[in-house]
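**Student:** Sharing run_26.cif here; it has mmCIF, C-alpha atoms.
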```
data_final
loop_
_atom_site.group_PDB
_atom_site.id
_atom_site.type_symbol
_atom_site.label_atom_id
_atom_site.label_comp_id
_atom_site.auth_asym_id
_atom_site.auth_seq_id
_atom_site.Cartn_x
_atom_site.Cartn_y
_atom_site.Cartn_z
ATOM 1 C CA GLY A 1 113.618 163.345 115.191
ATOM 2 C CA GLU A 2 113.117 167.023 115.765
ATOM 3 C CA GLN A 3 115.374 169.399 113.868
ATOM 4 C CA VAL A 4 115.725 173.046 114.747
ATOM 5 C CA GLU A 5 117.254 175.575 112.402
ATOM 6 C CA GLN A 6 118.257 178.915 113.866
ATOM 7 C CA ARG A 7 119.218 181.986 111.855
ATOM 8 C CA PRO A 8 121.292 184.026 111.630
ATOM 9 C CA PRO A 9 124.367 182.585 113.342
ATOM 10 C CA HIS A 10 125.804 186.057 113.849
ATOM 11 C CA LEU A 11 124.121 189.428 114.155
ATOM 12 C CA SER A 12 125.676 192.873 114.543
ATOM 13 C CA VAL A 13 123.316 195.746 115.296
ATOM 14 C CA ARG A 14 123.679 199.353 116.246
ATOM 15 C CA GLU A 15 122.542 200.402 119.699
ATOM 16 C CA GLY A 16 118.885 201.395 119.579
ATOM 17 C CA ASP A 17 118.090 199.274 116.531
ATOM 18 C CA SER A 18 116.022 196.107 116.568
ATOM 19 C CA ALA A 19 117.219 192.595 115.791
ATOM 20 C CA VAL A 20 115.311 189.437 114.916
ATOM 21 C CA ILE A 21 116.392 185.855 115.450
ATOM 22 C CA THR A 22 114.291 183.069 113.954
ATOM 23 C CA CYS A 23 114.039 179.355 114.584
ATOM 24 C CA THR A 24 112.115 176.876 112.505
ATOM 25 C CA TYR A 25 111.389 173.359 113.627
ATOM 26 C CA THR A 26 110.101 170.203 111.977
ATOM 27 C CA ASP A 27 108.144 168.143 114.495
ATOM 28 C CA PRO A 28 104.457 169.143 114.659
ATOM 29 C CA ASN A 29 104.284 167.486 118.096
ATOM 30 C CA SER A 30 106.568 170.125 119.566
ATOM 31 C CA TYR A 31 104.682 171.957 122.215
ATOM 32 C CA TYR A 32 106.977 174.058 124.405
ATOM 33 C CA PHE A 33 109.444 176.596 123.197
ATOM 34 C CA PHE A 34 112.203 178.453 124.960
ATOM 35 C CA TRP A 35 114.700 181.225 124.422
ATOM 36 C CA TYR A 36 117.923 181.208 126.389
ATOM 37 C CA LYS A 37 120.533 183.944 126.646
ATOM 38 C CA GLN A 38 124.181 183.223 127.362
ATOM 39 C CA GLU A 39 126.563 186.020 128.200
ATOM 40 C CA PRO A 40 130.296 185.345 127.826
ATOM 41 C CA GLY A 41 131.547 182.961 130.498
ATOM 42 C CA ALA A 42 128.099 182.607 132.043
ATOM 43 C CA SER A 43 125.345 179.996 132.124
ATOM 44 C CA LEU A 44 122.433 179.809 129.729
ATOM 45 C CA GLN A 45 119.674 181.863 131.310
ATOM 46 C CA LEU A 46 116.040 181.361 130.426
ATOM 47 C CA LEU A 47 114.629 184.468 128.740
ATOM 48 C CA MET A 48 111.125 183.257 128.011
ATOM 49 C CA LYS A 49 108.992 180.183 127.431
ATOM 50 C CA VAL A 50 105.908 179.994 125.216
ATOM 51 C CA PHE A 51 103.360 177.258 124.544
ATOM 52 C CA SER A 52 100.239 178.499 122.803
ATOM 53 C CA SER A 53 99.557 177.956 119.146
ATOM 54 C CA THR A 54 100.159 181.549 118.286
ATOM 55 C CA GLU A 55 101.544 183.688 120.998
ATOM 56 C CA ILE A 56 103.273 186.958 121.407
ATOM 57 C CA ASN A 57 105.079 187.438 124.669
ATOM 58 C CA GLU A 58 106.778 190.630 125.647
ATOM 59 C CA GLY A 59 109.622 190.821 128.055
ATOM 60 C CA GLN A 60 111.968 193.567 129.078
ATOM 61 C CA GLY A 61 113.322 194.809 125.777
ATOM 62 C CA PHE A 62 112.241 191.873 123.647
ATOM 63 C CA THR A 63 109.261 190.171 122.030
ATOM 64 C CA VAL A 64 108.796 186.481 121.346
ATOM 65 C CA LEU A 65 106.453 185.257 118.640
ATOM 66 C CA LEU A 66 105.370 181.655 118.133
ATOM 67 C CA ASN A 67 103.586 180.524 114.994
ATOM 68 C CA LYS A 68 102.816 176.824 115.210
ATOM 69 C CA LYS A 69 101.190 176.740 111.799
ATOM 70 C CA ASP A 70 104.471 177.770 110.193
ATOM 71 C CA LYS A 71 106.559 176.007 112.882
ATOM 72 C CA ARG A 72 108.439 179.211 113.526
ATOM 73 C CA LEU A 73 109.649 180.874 116.680
ATOM 74 C CA SER A 74 111.219 184.295 116.721
ATOM 75 C CA LEU A 75 112.919 186.601 119.180
ATOM 76 C CA ASN A 76 112.832 190.317 118.493
ATOM 77 C CA LEU A 77 115.234 192.489 120.440
ATOM 78 C CA THR A 78 113.667 195.938 120.464
ATOM 79 C CA ALA A 79 115.956 198.965 120.879
ATOM 80 C CA ALA A 80 119.067 196.882 121.438
ATOM 81 C CA HIS A 81 121.543 198.012 124.079
ATOM 82 C CA PRO A 82 125.061 196.791 124.924
ATOM 83 C CA GLY A 83 123.702 194.460 127.610
ATOM 84 C CA ASP A 84 121.971 192.505 124.874
ATOM 85 C CA SER A 85 125.324 191.407 123.462
ATOM 86 C CA ALA A 86 125.282 187.655 124.057
ATOM 87 C CA ALA A 87 124.531 184.320 122.438
ATOM 88 C CA TYR A 88 120.866 183.419 122.110
ATOM 89 C CA PHE A 89 119.574 179.887 121.780
ATOM 90 C CA CYS A 90 116.114 178.663 120.947
ATOM 91 C CA ALA A 91 115.045 175.289 122.301
ATOM 92 C CA VAL A 92 112.086 173.102 121.445
ATOM 93 C CA ARG A 93 110.490 170.456 123.597
ATOM 94 C CA THR A 94 108.787 167.612 121.770
ATOM 95 C CA ASN A 95 106.457 165.114 123.392
ATOM 96 C CA SER A 96 107.496 162.404 120.986
ATOM 97 C CA ALA A 97 111.177 162.788 121.881
ATOM 98 C CA GLY A 98 110.882 161.892 125.551
ATOM 99 C CA ASN A 99 110.368 165.531 126.446
ATOM 100 C CA LYS A 100 113.970 166.420 125.778
ATOM 101 C CA LEU A 101 115.055 169.827 124.506
ATOM 102 C CA THR A 102 116.373 170.241 120.986
ATOM 103 C CA PHE A 103 118.443 173.392 120.633
ATOM 104 C CA GLY A 104 119.205 175.684 117.759
ATOM 105 C CA ILE A 105 122.801 176.403 116.851
ATOM 106 C CA GLY A 106 122.710 179.790 118.575
ATOM 107 C CA THR A 107 122.990 183.391 117.404
ATOM 108 C CA ARG A 108 125.844 185.615 118.567
ATOM 109 C CA VAL A 109 124.545 189.143 118.868
ATOM 110 C CA LEU A 110 126.865 192.124 119.076
ATOM 111 C CA VAL A 111 125.392 195.511 119.863
ATOM 112 C CA ARG A 112 127.630 198.338 118.611
ATOM 113 C CA PRO A 113 127.531 201.778 120.220
ATOM 114 C CA ASP B 1 118.745 179.992 144.553
ATOM 115 C CA THR B 2 118.569 178.607 141.031
ATOM 116 C CA THR B 3 122.246 177.774 140.769
ATOM 117 C CA VAL B 4 123.733 174.786 139.067
ATOM 118 C CA LYS B 5 127.432 174.371 139.751
ATOM 119 C CA GLN B 6 129.996 172.554 137.678
ATOM 120 C CA ASN B 7 133.508 171.481 138.532
ATOM 121 C CA PRO B 8 136.030 171.946 137.203
ATOM 122 C CA ARG B 9 135.414 174.865 134.863
ATOM 123 C CA TYR B 10 138.332 173.832 132.690
ATOM 124 C CA LYS B 11 139.739 170.366 132.238
ATOM 125 C CA LEU B 12 142.748 169.226 130.283
ATOM 126 C CA ALA B 13 142.964 165.525 129.540
ATOM 127 C CA ARG B 14 145.270 163.220 127.608
ATOM 128 C CA VAL B 15 144.023 160.943 124.884
ATOM 129 C CA GLY B 16 143.135 157.575 126.322
ATOM 130 C CA LYS B 17 142.787 158.816 129.892
ATOM 131 C CA PRO B 18 139.550 158.916 131.881
ATOM 132 C CA VAL B 19 137.674 162.136 132.606
ATOM 133 C CA ASN B 20 135.158 162.783 135.359
ATOM 134 C CA LEU B 21 133.068 165.942 135.429
ATOM 135 C CA ILE B 22 130.897 166.978 138.373
ATOM 136 C CA CYS B 23 127.621 168.849 138.587
ATOM 137 C CA SER B 24 125.614 169.856 141.630
ATOM 138 C CA GLN B 25 122.368 171.640 142.361
ATOM 139 C CA THR B 26 120.611 172.469 145.600
ATOM 140 C CA MET B 27 117.119 173.049 144.190
ATOM 141 C CA ASN B 28 116.002 169.491 144.900
ATOM 142 C CA HIS B 29 115.364 168.984 141.194
ATOM 143 C CA ASP B 30 114.490 165.448 140.230
ATOM 144 C CA THR B 31 116.070 165.547 136.777
ATOM 145 C CA MET B 32 119.658 166.337 135.827
ATOM 146 C CA TYR B 33 121.002 166.528 132.277
ATOM 147 C CA TRP B 34 124.335 166.546 130.503
ATOM 148 C CA TYR B 35 124.797 168.288 127.169
ATOM 149 C CA GLN B 36 127.808 168.506 124.906
ATOM 150 C CA LYS B 37 128.403 171.716 123.006
ATOM 151 C CA LYS B 38 131.001 172.172 120.296
ATOM 152 C CA PRO B 39 131.769 175.476 118.548
ATOM 153 C CA ASN B 40 129.145 176.439 115.977
ATOM 154 C CA GLN B 41 126.954 173.521 116.979
ATOM 155 C CA ALA B 42 123.803 173.282 119.037
ATOM 156 C CA PRO B 43 123.988 171.848 122.552
ATOM 157 C CA LYS B 44 123.425 168.123 122.216
ATOM 158 C CA LEU B 45 121.792 166.062 124.926
ATOM 159 C CA LEU B 46 123.985 163.159 126.018
ATOM 160 C CA LEU B 47 121.993 161.698 128.887
ATOM 161 C CA PHE B 48 119.761 162.571 131.787
ATOM 162 C CA TYR B 49 118.810 161.196 135.177
ATOM 163 C CA TYR B 50 115.222 161.251 136.249
ATOM 164 C CA ASP B 51 115.538 160.527 139.949
ATOM 165 C CA LYS B 52 117.728 157.400 139.950
ATOM 166 C CA ILE B 53 116.921 156.324 136.404
ATOM 167 C CA LEU B 54 119.554 156.994 133.776
ATOM 168 C CA ASN B 55 118.518 157.664 130.182
ATOM 169 C CA ARG B 56 121.242 157.825 127.561
ATOM 170 C CA GLU B 57 120.822 159.012 124.006
ATOM 171 C CA ALA B 58 121.162 156.220 121.491
ATOM 172 C CA ASP B 59 124.012 157.762 119.505
ATOM 173 C CA THR B 60 126.169 158.431 122.595
ATOM 174 C CA PHE B 61 125.235 155.360 124.568
ATOM 175 C CA GLU B 62 128.633 153.754 124.443
ATOM 176 C CA LYS B 63 130.723 156.866 124.971
ATOM 177 C CA PHE B 64 129.502 158.347 128.238
ATOM 178 C CA GLN B 65 128.657 157.046 131.669
ATOM 179 C CA SER B 66 127.055 158.853 134.525
ATOM 180 C CA SER B 67 126.254 158.420 138.170
ATOM 181 C CA ARG B 68 123.972 160.179 140.587
ATOM 182 C CA PRO B 69 124.900 159.233 144.146
ATOM 183 C CA ASN B 70 122.264 161.546 145.581
ATOM 184 C CA ASN B 71 119.684 164.044 144.434
ATOM 185 C CA SER B 72 122.146 166.946 144.342
ATOM 186 C CA PHE B 73 125.082 165.504 142.430
ATOM 187 C CA CYS B 74 125.550 164.072 138.987
ATOM 188 C CA SER B 75 128.773 163.114 137.247
ATOM 189 C CA LEU B 76 129.705 162.574 133.627
ATOM 190 C CA TYR B 77 132.391 159.975 133.019
ATOM 191 C CA ILE B 78 134.453 159.333 129.932
ATOM 192 C CA GLY B 79 136.403 156.104 130.206
ATOM 193 C CA SER B 80 138.968 156.839 127.531
ATOM 194 C CA ALA B 81 139.049 160.347 126.148
ATOM 195 C CA GLY B 82 139.535 160.908 122.457
ATOM 196 C CA LEU B 83 140.235 164.144 120.602
ATOM 197 C CA GLU B 84 136.596 164.262 119.535
ATOM 198 C CA TYR B 85 135.535 164.709 123.167
ATOM 199 C CA SER B 86 136.975 168.222 123.293
ATOM 200 C CA ALA B 87 133.924 170.390 123.897
ATOM 201 C CA MET B 88 131.977 172.363 126.464
ATOM 202 C CA TYR B 89 129.920 170.124 128.730
ATOM 203 C CA LEU B 90 126.794 171.691 130.145
ATOM 204 C CA CYS B 91 124.883 170.359 133.100
ATOM 205 C CA ALA B 92 121.260 171.298 133.678
ATOM 206 C CA SER B 93 118.501 170.405 136.084
ATOM 207 C CA SER B 94 114.754 170.639 136.162
ATOM 208 C CA SER B 95 111.866 169.829 138.416
ATOM 209 C CA GLY B 96 109.360 167.259 137.163
ATOM 210 C CA GLY B 97 106.461 169.646 137.245
ATOM 211 C CA ALA B 98 108.298 172.473 135.525
ATOM 212 C CA LEU B 99 109.422 172.693 131.931
ATOM 213 C CA GLU B 100 112.452 174.902 131.991
ATOM 214 C CA GLN B 101 115.936 173.630 132.611
ATOM 215 C CA TYR B 102 118.488 175.518 134.690
ATOM 216 C CA PHE B 103 122.012 175.408 133.370
ATOM 217 C CA GLY B 104 125.432 175.463 134.922
ATOM 218 C CA PRO B 105 128.313 177.504 133.464
ATOM 219 C CA GLY B 106 129.835 174.484 131.782
ATOM 220 C CA THR B 107 133.135 172.634 131.883
ATOM 221 C CA ARG B 108 135.438 173.195 128.947
ATOM 222 C CA LEU B 109 137.217 169.923 128.234
ATOM 223 C CA THR B 110 140.301 169.912 126.042
ATOM 224 C CA VAL B 111 141.751 166.560 125.063
ATOM 225 C CA LEU B 112 145.342 166.508 123.849
#
```
Please rewrite the model in this file as structure tokens.
**Tutor:**
Amino acid sequence: GEQVEQRPPHLSVREGDSAVITCTYTDPNSYYFFWYKQEPGASLQLLMKVFSSTEINEGQGFTVLLNKKDKRLSLNLTAAHPGDSAAYFCAVRTNSAGNKLTFGIGTRVLVRP
Amino acid sequence: DTTVKQNPRYKLARVGKPVNLICSQTMNHDTMYWYQKKPNQAPKLLLFYYDKILNREADTFEKFQSSRPNNSFCSLYIGSAGLEYSAMYLCASSSGGALEQYFGPGTRLTVL
């Protein structure tokens, strides 16, 4: 079945710097990709979803890049601020797996002042 | 309102005793999911209900039960808790036409 590897597990960045989290997956039938953010004590909140073969999506303070050829999904936090301190999870939806989500292990991001 | 609620938030159970966790959503979503998350591990899907149809993952088939008495509620039942069941249990829901899942805050289960 699908396997998702997420790196790094922990990330400490200075406020104003950028940070990149990367997920690689194995199943070429995967077709929808998600990034979730979880602040301490709170629910996983959807940050962004992407589907196209190669797509760059920009949100508020972050950029998501999908490269299906390399089976890689990345989240780039641009100009990190303290509110970005949270756990981030990538998730992959695969048609061949009954449309369930396979998650990465998560990345704990700490933004230092 | 895209809120998924879970009760209780914290649960302490004794080895060998049953555990029942509750999830609710008012978004009229047709699918509800239960995930197990342990420290330093990815959330792992245990089972999901699509409408009234229960689908359980093969490797957790024997360990967890669930019921969905109506569209809004879904429970996760452990008949006899073991130490290995200590984890965060996340409930999520989604609408058939949409792809994203909405998550509750989780129930932290500690089995002693």
**Student:** Closest to chain B among A:Ala19, A:Val64, A:Val50, A:Val111, using only C-alpha atoms?
**Tutor:**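 Residue with the minimum atom-to-atom distance to chain B: A:Val50.
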**Student:** Could you build a table of the residues in chain B lying no more than 7 Å from chain A, giving for each the nearest pair of atoms and their separation in Å rounded to one decimal place, using only C-alpha atoms, ordered by chain and ascending residue number, as CSV?
**Tutor:**
```
residue,atom,partner,partner_atom,distance
B:Asn40,CA,A:Ile105,CA,6.4
B:Gln41,CA,A:Ile105,CA,5.1
B:Ala42,CA,A:Ile105,CA,3.9
B:Pro43,CA,A:Phe103,CA,6.1
B:Phe103,CA,A:Leu44,CA,5.7
B:Gly104,CA,A:Ser43,CA,5.3
B:Pro105,CA,A:Ser43,CA,4.1
```
**Student:** Fewer than 4 positions away in the same chain doesn't count, so skip those; otherwise give me all residues within 7 Å of Ala86 (chain A), counting only C-alpha atoms, as a list in words.
**Tutor:**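 Near Ala86 (chain A), the qualifying residues are Lys37, Gln38, Glu39, Pro40, Arg108, Val109 and Leu110 of chain A.
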**Student:** Applied to this file, what does the PyMOL selection byres ((chain A and resi 25) around 8) return in terms of residues, put as a list in words?
**Tutor:** Glu2, Gln3, Val4, Glu5, Cys23, Thr24, Thr26, Asp27, Lys71, Arg72 and Val92 of chain A
**Student:** Using only C-alpha atoms, please write the residues we just selected to a file, as a PDB file, in the coordinates of the input.
**Tutor:**
```
ATOM      1  CA  GLU A   2     113.117 167.023 115.765  1.00  0.00           C
ATOM      2  CA  GLN A   3     115.374 169.399 113.868  1.00  0.00           C
ATOM      3  CA  VAL A   4     115.725 173.046 114.747  1.00  0.00           C
ATOM      4  CA  GLU A   5     117.254 175.575 112.402  1.00  0.00           C
ATOM      5  CA  CYS A  23     114.039 179.355 114.584  1.00  0.00           C
ATOM      6  CA  THR A  24     112.115 176.876 112.505  1.00  0.00           C
ATOM      7  CA  THR A  26     110.101 170.203 111.977  1.00  0.00           C
ATOM      8  CA  ASP A  27     108.144 168.143 114.495  1.00  0.00           C
ATOM      9  CA  LYS A  71     106.559 176.007 112.882  1.00  0.00           C
ATOM     10  CA  ARG A  72     108.439 179.211 113.526  1.00  0.00           C
ATOM     11  CA  VAL A  92     112.086 173.102 121.445  1.00  0.00           C
TER      12      VAL A  92
END
```
**Student:** Quick one, how far is CA of Gly83 (chain A) from CA of Val4 (chain B)?
**Tutor:**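 Answer for the CA of Gly83 (chain A) to CA of Val4 (chain B) separation: 22.8 Å.
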**Student:** Mind giving me the straight-line distance from CA of Asp59 (chain B) to CA of Gly79 (chain B) in Å, one decimal?
**Tutor:** 16.5 Å
**Student:** Do you know which residues are at most 7 Å from Thr110 (chain B) counting only C-alpha atoms, after dropping those on the same chain fewer than 3 positions away, and could you put them as a count of residues only?
**Tutor:** 5
**Student:** What box, with edges along x, y and z, holds each listed atom of region 82-99 of chain B when 4 Å is added on every side, and can you state its centre and edge lengths in Å to one decimal, as JSON?
**Tutor:**
```
{"center_x": 123.3, "center_y": 166.8, "center_z": 129.0, "size_x": 41.8, "size_y": 19.8, "size_z": 26.9}
```
**Student:** Using the chain letters and numbers from the file, which residues does the PyMOL selection byres ((chain B and resi 62) around 12) grab, as a PyMOL selection string?
**Tutor:** chain B and resi 46-47+56-61+63-66+77-80
**Student:** Could you list, as a list in words, every residue matched by the PyMOL selection byres ((chain A and resi 79-82) around 12) in this structure?
**Tutor:**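 With the shown file as input, the PyMOL selection byres ((chain A and resi 79-82) around 12) matches Leu11, Ser12, Val13, Arg14, Glu15, Gly16, Asp17, Ser18, Ala19, Val20, Glu39, Gln60, Gly61, Phe62, Thr63, Asn76, Leu77, Thr78, Gly83, Asp84, Ser85, Ala86, Val109, Leu110, Val111, Arg112 and Pro113 of chain A.
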**Student:** For Leu21 (chain B), which of B:Leu76, B:Leu54, B:Leu45, B:Val111 is the closest residue, counting all atoms listed in the file?
**Tutor:**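 The shortest atom-to-atom distance to Leu21 (chain B) comes from B:Leu76.
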**Student:** Tell me, in Å to one decimal, how far CA of Leu75 (chain A) is from CA of Ala87 (chain A).
**Tutor:**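 Result for CA of Leu75 (chain A) versus CA of Ala87 (chain A): 12.3 Å, one decimal.
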